[in-house]
>>> print(open('model-v1.cif').read())   # mmCIF, C-alpha atoms
data_coords
loop_
_atom_site.group_PDB
_atom_site.id
_atom_site.type_symbol
_atom_site.label_atom_id
_atom_site.label_comp_id
_atom_site.auth_asym_id
_atom_site.auth_seq_id
_atom_site.Cartn_x
_atom_site.Cartn_y
_atom_site.Cartn_z
ATOM 1 C CA MET A 1341 10.283 -39.002 -7.992
ATOM 2 C CA LYS A 1342 7.495 -38.976 -5.353
ATOM 3 C CA THR A 1343 5.495 -36.295 -7.159
ATOM 4 C CA PRO A 1344 4.951 -38.272 -10.413
ATOM 5 C CA LEU A 1345 3.935 -41.357 -8.426
ATOM 6 C CA LEU A 1346 1.494 -39.330 -6.359
ATOM 7 C CA ALA A 1347 0.113 -37.630 -9.441
ATOM 8 C CA THR A 1348 -0.346 -40.989 -11.152
ATOM 9 C CA ALA A 1349 -2.115 -42.508 -8.146
ATOM 10 C CA LEU A 1350 -4.389 -39.501 -7.861
ATOM 11 C CA TRP A 1351 -5.034 -39.564 -11.612
ATOM 12 C CA ILE A 1352 -6.130 -43.197 -11.360
ATOM 13 C CA THR A 1353 -8.531 -42.257 -8.563
ATOM 14 C CA VAL A 1354 -10.084 -39.542 -10.715
ATOM 15 C CA ARG A 1355 -10.278 -41.860 -13.719
ATOM 16 C CA LEU A 1356 -12.209 -44.393 -11.621
ATOM 17 C CA SER A 1357 -14.628 -41.669 -10.541
ATOM 18 C CA TYR A 1358 -15.431 -40.950 -14.229
ATOM 19 C CA ALA A 1359 -16.673 -44.505 -14.780
ATOM 20 C CA GLY A 1360 -20.325 -43.468 -14.293
ATOM 21 C CA ASP A 1361 -20.481 -41.059 -17.253
ATOM 22 C CA PRO A 1362 -19.748 -42.824 -20.572
ATOM 23 C CA ASP A 1363 -19.433 -39.543 -22.514
ATOM 24 C CA LEU A 1364 -16.917 -38.204 -20.030
ATOM 25 C CA ALA A 1365 -15.018 -41.507 -20.049
ATOM 26 C CA LYS A 1366 -14.896 -41.452 -23.869
ATOM 27 C CA LEU A 1367 -13.640 -37.860 -23.878
ATOM 28 C CA GLN A 1368 -11.005 -38.661 -21.221
ATOM 29 C CA LYS A 1369 -9.840 -41.709 -23.204
ATOM 30 C CA SER A 1370 -9.508 -39.606 -26.345
ATOM 31 C CA TYR A 1371 -7.530 -37.002 -24.425
ATOM 32 C CA ASP A 1372 -5.240 -39.632 -22.866
ATOM 33 C CA GLU A 1373 -4.533 -41.143 -26.293
ATOM 34 C CA ALA A 1374 -3.739 -37.719 -27.767
ATOM 35 C CA VAL A 1375 -1.326 -36.948 -24.912
ATOM 36 C CA LYS A 1376 0.348 -40.340 -25.395
ATOM 37 C CA ARG A 1377 0.700 -39.764 -29.163
ATOM 38 C CA ALA A 1378 2.291 -36.367 -28.511
ATOM 39 C CA VAL A 1379 4.609 -37.406 -25.684
ATOM 40 C CA ASP A 1380 5.821 -40.835 -26.871
ATOM 41 C CA PRO A 1381 7.906 -39.563 -29.838
ATOM 42 C CA ILE A 1382 9.547 -36.907 -27.661
ATOM 43 C CA THR A 1383 10.381 -39.480 -25.008
ATOM 44 C CA ALA A 1384 11.730 -41.911 -27.615
ATOM 45 C CA THR A 1385 14.013 -39.235 -29.095
ATOM 46 C CA TYR A 1386 15.241 -38.222 -25.646
ATOM 47 C CA ARG A 1387 15.916 -41.865 -24.745
ATOM 48 C CA ALA A 1388 17.889 -42.402 -27.998
ATOM 49 C CA GLU A 1389 19.974 -39.270 -27.397
ATOM 50 C CA LEU A 1390 20.688 -40.351 -23.830
ATOM 51 C CA GLN A 1391 21.785 -43.764 -25.117
ATOM 52 C CA LYS A 1392 24.191 -42.110 -27.607
ATOM 53 C CA LEU A 1393 25.607 -39.892 -24.873
ATOM 54 C CA LEU A 1394 26.077 -42.909 -22.611
ATOM 55 C CA GLU A 1395 28.028 -44.708 -25.343
ATOM 56 C CA GLN A 1396 30.194 -41.617 -25.983
ATOM 57 C CA HIS A 1397 31.086 -41.248 -22.307
ATOM 58 C CA THR A 1398 31.757 -44.980 -21.938
ATOM 59 C CA LYS A 1399 34.060 -45.125 -25.004
ATOM 60 C CA ALA A 1400 35.919 -42.005 -23.844
ATOM 61 C CA GLY A 1401 36.448 -43.510 -20.386
ATOM 62 C CA ARG A 1402 34.419 -40.838 -18.591
ATOM 63 C CA LEU A 1403 32.846 -43.309 -16.194
ATOM 64 C CA GLU A 1404 31.391 -40.794 -13.715
ATOM 65 C CA ALA A 1405 29.602 -38.992 -16.550
ATOM 66 C CA ALA A 1406 28.435 -42.340 -17.982
ATOM 67 C CA VAL A 1407 26.981 -43.372 -14.609
ATOM 68 C CA GLU A 1408 25.159 -40.037 -14.366
ATOM 69 C CA VAL A 1409 23.633 -40.469 -17.840
ATOM 70 C CA LYS A 1410 22.740 -44.098 -17.057
ATOM 71 C CA THR A 1411 20.891 -42.954 -13.919
ATOM 72 C CA VAL A 1412 18.828 -40.479 -15.956
ATOM 73 C CA LEU A 1413 18.136 -43.160 -18.571
ATOM 74 C CA ASP A 1414 17.024 -45.651 -15.901
ATOM 75 C CA ASP A 1415 14.782 -43.040 -14.252
ATOM 76 C CA LEU A 1416 13.191 -42.279 -17.626
ATOM 77 C CA THR A 1417 12.425 -45.965 -18.125
ATOM 78 C CA LYS A 1418 10.851 -46.295 -14.662
ATOM 79 C CA LYS A 1419 9.004 -42.958 -14.687
ATOM 80 C CA PRO A 1420 5.237 -43.233 -15.219
ATOM 81 C CA GLN A 1421 3.470 -40.731 -17.424
ATOM 82 C CA GLN A 1422 2.629 -37.643 -15.394
ATOM 83 C CA ALA A 1423 -1.054 -37.039 -14.810
ATOM 84 C CA PRO A 1424 -2.795 -34.211 -16.636
ATOM 85 C CA ILE A 1425 -3.151 -30.982 -14.636
ATOM 86 C CA GLN A 1426 -6.951 -31.257 -14.714
ATOM 87 C CA ALA A 1427 -6.744 -34.584 -12.898
ATOM 88 C CA ILE A 1428 -4.484 -33.134 -10.213
ATOM 89 C CA LYS A 1429 -6.905 -30.249 -9.649
ATOM 90 C CA ALA A 1430 -9.810 -32.689 -9.454
ATOM 91 C CA ASP A 1431 -7.855 -34.713 -6.921
ATOM 92 C CA GLU A 1432 -7.375 -31.613 -4.779
ATOM 93 C CA ALA A 1433 -11.166 -31.363 -4.659
ATOM 94 C CA LEU A 1434 -11.376 -35.051 -3.675
ATOM 95 C CA LEU A 1435 -8.773 -34.578 -0.938
ATOM 96 C CA ARG A 1436 -10.594 -31.467 0.328
ATOM 97 C CA LYS A 1437 -13.837 -33.460 0.475
ATOM 98 C CA LYS A 1438 -12.045 -36.302 2.263
ATOM 99 C CA LEU A 1439 -10.638 -33.897 4.852
ATOM 100 C CA THR A 1440 -13.893 -32.065 5.537
ATOM 101 C CA LYS A 1441 -16.040 -35.223 5.681
ATOM 102 C CA GLY A 1442 -13.700 -37.412 7.707
ATOM 103 C CA ARG A 1443 -12.210 -37.786 11.132
ATOM 104 C CA PHE A 1444 -8.462 -38.196 11.538
ATOM 105 C CA VAL A 1445 -5.753 -39.008 14.021
ATOM 106 C CA PHE A 1446 -2.996 -36.408 13.927
ATOM 107 C CA TYR A 1447 0.324 -37.788 15.186
ATOM 108 C CA PHE A 1448 2.758 -35.099 16.230
ATOM 109 C CA SER A 1449 5.985 -36.145 17.894
ATOM 110 C CA PRO A 1450 4.709 -39.751 17.848
ATOM 111 C CA PRO A 1451 3.370 -41.468 19.857
ATOM 112 C CA ARG A 1452 1.581 -38.242 20.876
ATOM 113 C CA SER A 1453 -1.662 -37.835 18.948
ATOM 114 C CA LYS A 1454 -5.134 -36.331 18.959
ATOM 115 C CA LEU A 1455 -8.309 -36.498 16.905
ATOM 116 C CA PHE A 1456 -8.810 -33.893 14.187
ATOM 117 C CA THR A 1457 -11.758 -32.772 12.102
ATOM 118 C CA PHE A 1458 -11.444 -30.106 9.429
ATOM 119 C CA SER A 1459 -14.160 -27.548 8.757
ATOM 120 C CA GLY A 1460 -14.962 -26.332 5.271
ATOM 121 C CA SER A 1461 -14.160 -22.796 6.447
ATOM 122 C CA GLY A 1462 -10.482 -23.655 6.947
ATOM 123 C CA LYS A 1463 -10.488 -24.092 10.721
ATOM 124 C CA ILE A 1464 -9.580 -27.187 12.653
ATOM 125 C CA ASP A 1465 -12.648 -28.139 14.649
ATOM 126 C CA GLU A 1466 -12.045 -31.154 16.860
ATOM 127 C CA GLY A 1467 -8.459 -31.130 18.100
ATOM 128 C CA GLY A 1468 -7.967 -27.482 17.251
ATOM 129 C CA ALA A 1469 -5.629 -25.573 19.533
ATOM 130 C CA PRO A 1470 -3.600 -22.368 19.280
ATOM 131 C CA GLN A 1471 -0.720 -24.321 17.679
ATOM 132 C CA GLU A 1472 -3.035 -26.124 15.158
ATOM 133 C CA PHE A 1473 -5.729 -23.596 14.411
ATOM 134 C CA LYS A 1474 -6.309 -23.306 10.639
ATOM 135 C CA TRP A 1475 -5.636 -25.427 7.574
ATOM 136 C CA LYS A 1476 -5.178 -24.982 3.831
ATOM 137 C CA LEU A 1477 -4.873 -27.509 1.005
ATOM 138 C CA GLU A 1478 -2.792 -26.791 -2.113
ATOM 139 C CA GLY A 1479 -2.717 -29.692 -4.530
ATOM 140 C CA ALA A 1480 -1.669 -32.657 -2.413
ATOM 141 C CA GLU A 1481 -0.084 -30.556 0.324
ATOM 142 C CA LEU A 1482 -1.829 -29.835 3.608
ATOM 143 C CA PHE A 1483 -0.668 -26.800 5.567
ATOM 144 C CA ILE A 1484 -1.593 -26.396 9.229
ATOM 145 C CA TYR A 1485 -1.222 -22.920 10.729
ATOM 146 C CA ASN A 1486 -1.128 -21.744 14.323
ATOM 147 C CA GLU A 1487 -3.445 -19.012 15.624
ATOM 148 C CA PRO A 1488 -1.088 -16.126 14.707
ATOM 149 C CA GLY A 1489 -0.970 -17.522 11.137
ATOM 150 C CA GLN A 1490 2.508 -19.086 11.122
ATOM 151 C CA LEU A 1491 2.976 -22.379 9.283
ATOM 152 C CA ALA A 1492 3.158 -25.033 12.000
ATOM 153 C CA TYR A 1493 3.131 -28.219 9.875
ATOM 154 C CA ALA A 1494 3.537 -28.946 6.160
ATOM 155 C CA LEU A 1495 2.219 -32.380 5.193
ATOM 156 C CA GLU A 1496 2.063 -34.128 1.820
ATOM 157 C CA TYR A 1497 -0.528 -36.706 0.779
ATOM 158 C CA ASP A 1498 0.847 -40.210 0.276
ATOM 159 C CA ALA A 1499 -1.579 -42.239 -1.850
ATOM 160 C CA ALA A 1500 0.122 -45.547 -1.036
ATOM 161 C CA SER A 1501 -0.673 -45.226 2.675
ATOM 162 C CA ASP A 1502 -3.711 -42.940 2.232
ATOM 163 C CA SER A 1503 -2.224 -40.516 4.747
ATOM 164 C CA PHE A 1504 -0.527 -37.141 4.994
ATOM 165 C CA LYS A 1505 3.116 -37.122 6.094
ATOM 166 C CA THR A 1506 5.671 -34.435 6.953
ATOM 167 C CA SER A 1507 6.825 -32.923 3.672
ATOM 168 C CA GLY A 1508 10.087 -31.362 4.832
ATOM 169 C CA LYS A 1509 9.038 -27.839 3.867
ATOM 170 C CA PRO A 1510 10.146 -25.180 6.346
ATOM 171 C CA SER A 1511 7.635 -24.870 9.191
ATOM 172 C CA LEU A 1512 7.667 -24.249 12.942
ATOM 173 C CA TYR A 1513 7.634 -27.949 13.826
ATOM 174 C CA MET A 1514 9.428 -29.378 10.803
ATOM 175 C CA SER A 1515 11.884 -31.231 13.043
ATOM 176 C CA ARG A 1516 8.997 -33.314 14.414
ATOM 177 C CA LYS A 1517 7.707 -36.251 12.485
ATOM 178 C CA ALA A 1518 4.025 -35.701 11.961
ATOM 179 C CA TYR A 1519 1.364 -37.539 10.033
ATOM 180 C CA LEU A 1520 -2.381 -37.637 9.658
ATOM 181 C CA VAL A 1521 -4.314 -40.874 9.174
ATOM 182 C CA ASN A 1522 -7.980 -41.832 8.984
ATOM 183 C CA ALA A 1523 -9.453 -42.363 12.442
ATOM 184 C CA PRO A 1524 -10.679 -45.881 13.086
ATOM 185 C CA PRO A 1525 -14.474 -46.207 12.905
#
>>> encode(input="model-v1.cif", output="structure tokens")
Amino acid sequence: MKTPLLATALWITVRLSYAGDPDLAKLQKSYDEAVKRAVDPITATYRAELQKLLEQHTKAGRLEAAVEVKTVLDDLTKKPQQAPIQAIKADEALLRKKLTKGRFVFYFSPPRSKLFTFSGSGKIDEGGAPQEFKWKLEGAELFIYNEPGQLAYALEYDAASDSFKTSGKPSLYMSRKAYLVNAPP
């Protein structure tokens, strides 16, 4: 559920960055409307079929199955439209720019922390050490590698807090809570 919310937040950021070019904004609006026209009927059919299945399970007394279908139906109602892939790729570029232009506080085993800056070449400049030597961004995921090239930390961007947080992916220090926030000015 976190991925669609992140994608939507990032998509909104990209949409706001298009505001300067009216031709691009018009093209994006046309695209968004076409996607909505294509997806809405599919979603409506799926919702109707889920509703029928819910009624069947309820009438037959299969309450566990009915609860499972109801959960899917509720999630479908709450789920925002997923952002187009182009927007996600554009957001990766925005996150990369943010990382290479900014200064951050990296909390590892909080309250322990240090300042970080990221070079465009993939190295960690300020704060770099053998255990946090290189970095790579894939979509909204930030991977920090040690000097031998092993994955030390896997962090995921959280648009709500404008920070990167431990993603739970297997890494050397996955048992530590770690996060990266903008350094105060």
>>> axis_aligned_box(input="model-v1.cif", around="stretch 1382-1396 of chain A", padding_each_side="8 Å", output="JSON")
{"center_x": 19.9, "center_y": -40.8, "center_z": -25.9, "size_x": 36.6, "size_y": 23.8, "size_z": 22.5}
>>> residues_around(input="model-v1.cif", residues="A:Ser1507", least_positions_apart="3", cutoff="8 Å", atoms="all atoms listed in the file", output="short mmCIF file (atom, residue, chain, number, x, y, z; two decimals) with C-alpha atoms, in the frame of the given file")
data_model
loop_
_atom_site.label_atom_id
_atom_site.label_comp_id
_atom_site.auth_asym_id
_atom_site.auth_seq_id
_atom_site.Cartn_x
_atom_site.Cartn_y
_atom_site.Cartn_z
CA ALA A 1494 3.54 -28.95 6.16
CA LEU A 1495 2.22 -32.38 5.19
CA GLU A 1496 2.06 -34.13 1.82
#
>>> residues_around(input="model-v1.cif", residues="stretch 1400-1411 of chain A", least_positions_apart="5", cutoff="9 Å", atoms="all atoms listed in the file", output="list of chain:residue names")
A:Leu1390, A:Gln1391, A:Leu1393, A:Leu1394, A:Glu1395, A:Leu1416
>>> closest_residue(input="model-v1.cif", among="A:Asp1415, A:Asp1372, A:Asp1363, A:Asp1431", to="A:Glu1478", atoms="all atoms listed in the file")
A:Asp1431
>>> atom_distance(input="model-v1.cif", atom1="atom CA of A:Phe1446", atom2="atom CA of A:Gly1467")
8.7 Å
>>> closest_residue(input="model-v1.cif", among="A:Ala1499, A:Val1375, A:Gln1471, A:Leu1482", to="A:Leu1512", atoms="only C-alpha atoms")
A:Gln1471
>>> atom_distance(input="model-v1.cif", atom1="atom CA of A:Thr1506", atom2="atom CA of A:Tyr1493")
7.3 Å
>>> resolve_selection(input="model-v1.cif", expression="the PyMOL selection byres ((chain A and resi 1504) around 7)", output="list of chain:residue names")
A:Leu1495, A:Glu1496, A:Tyr1497, A:Asp1498, A:Ser1503, A:Lys1505, A:Tyr1519, A:Leu1520, A:Val1521
>>> resolve_selection(input="model-v1.cif", expression="the PyMOL selection byres ((chain A and resi 1459) around 9)", output="number ranges by chain")
A: 1439-1441, 1457-1458, 1460-1465, 1475
>>> atom_distance(input="model-v1.cif", atom1="atom CA of A:Asn1522", atom2="atom CA of A:Gly1479")
18.9 Å
>>> closest_residue(input="model-v1.cif", among="A:Tyr1371, A:Phe1473, A:Phe1483, A:Phe1444", to="A:Met1514", atoms="only C-alpha atoms")
A:Phe1483
>>> resolve_selection(input="model-v1.cif", expression="the PyMOL selection byres ((chain A and resi 1452) around 12)", output="ChimeraX atom specification")
/A:1445-1451,1453-1455,1516-1520
>>> residues_around(input="model-v1.cif", residues="A:Ala1492", least_positions_apart="4", cutoff="6 Å", atoms="all atoms listed in the file", output="PyMOL selection string")
chain A and resi 1484-1486+1511-1513
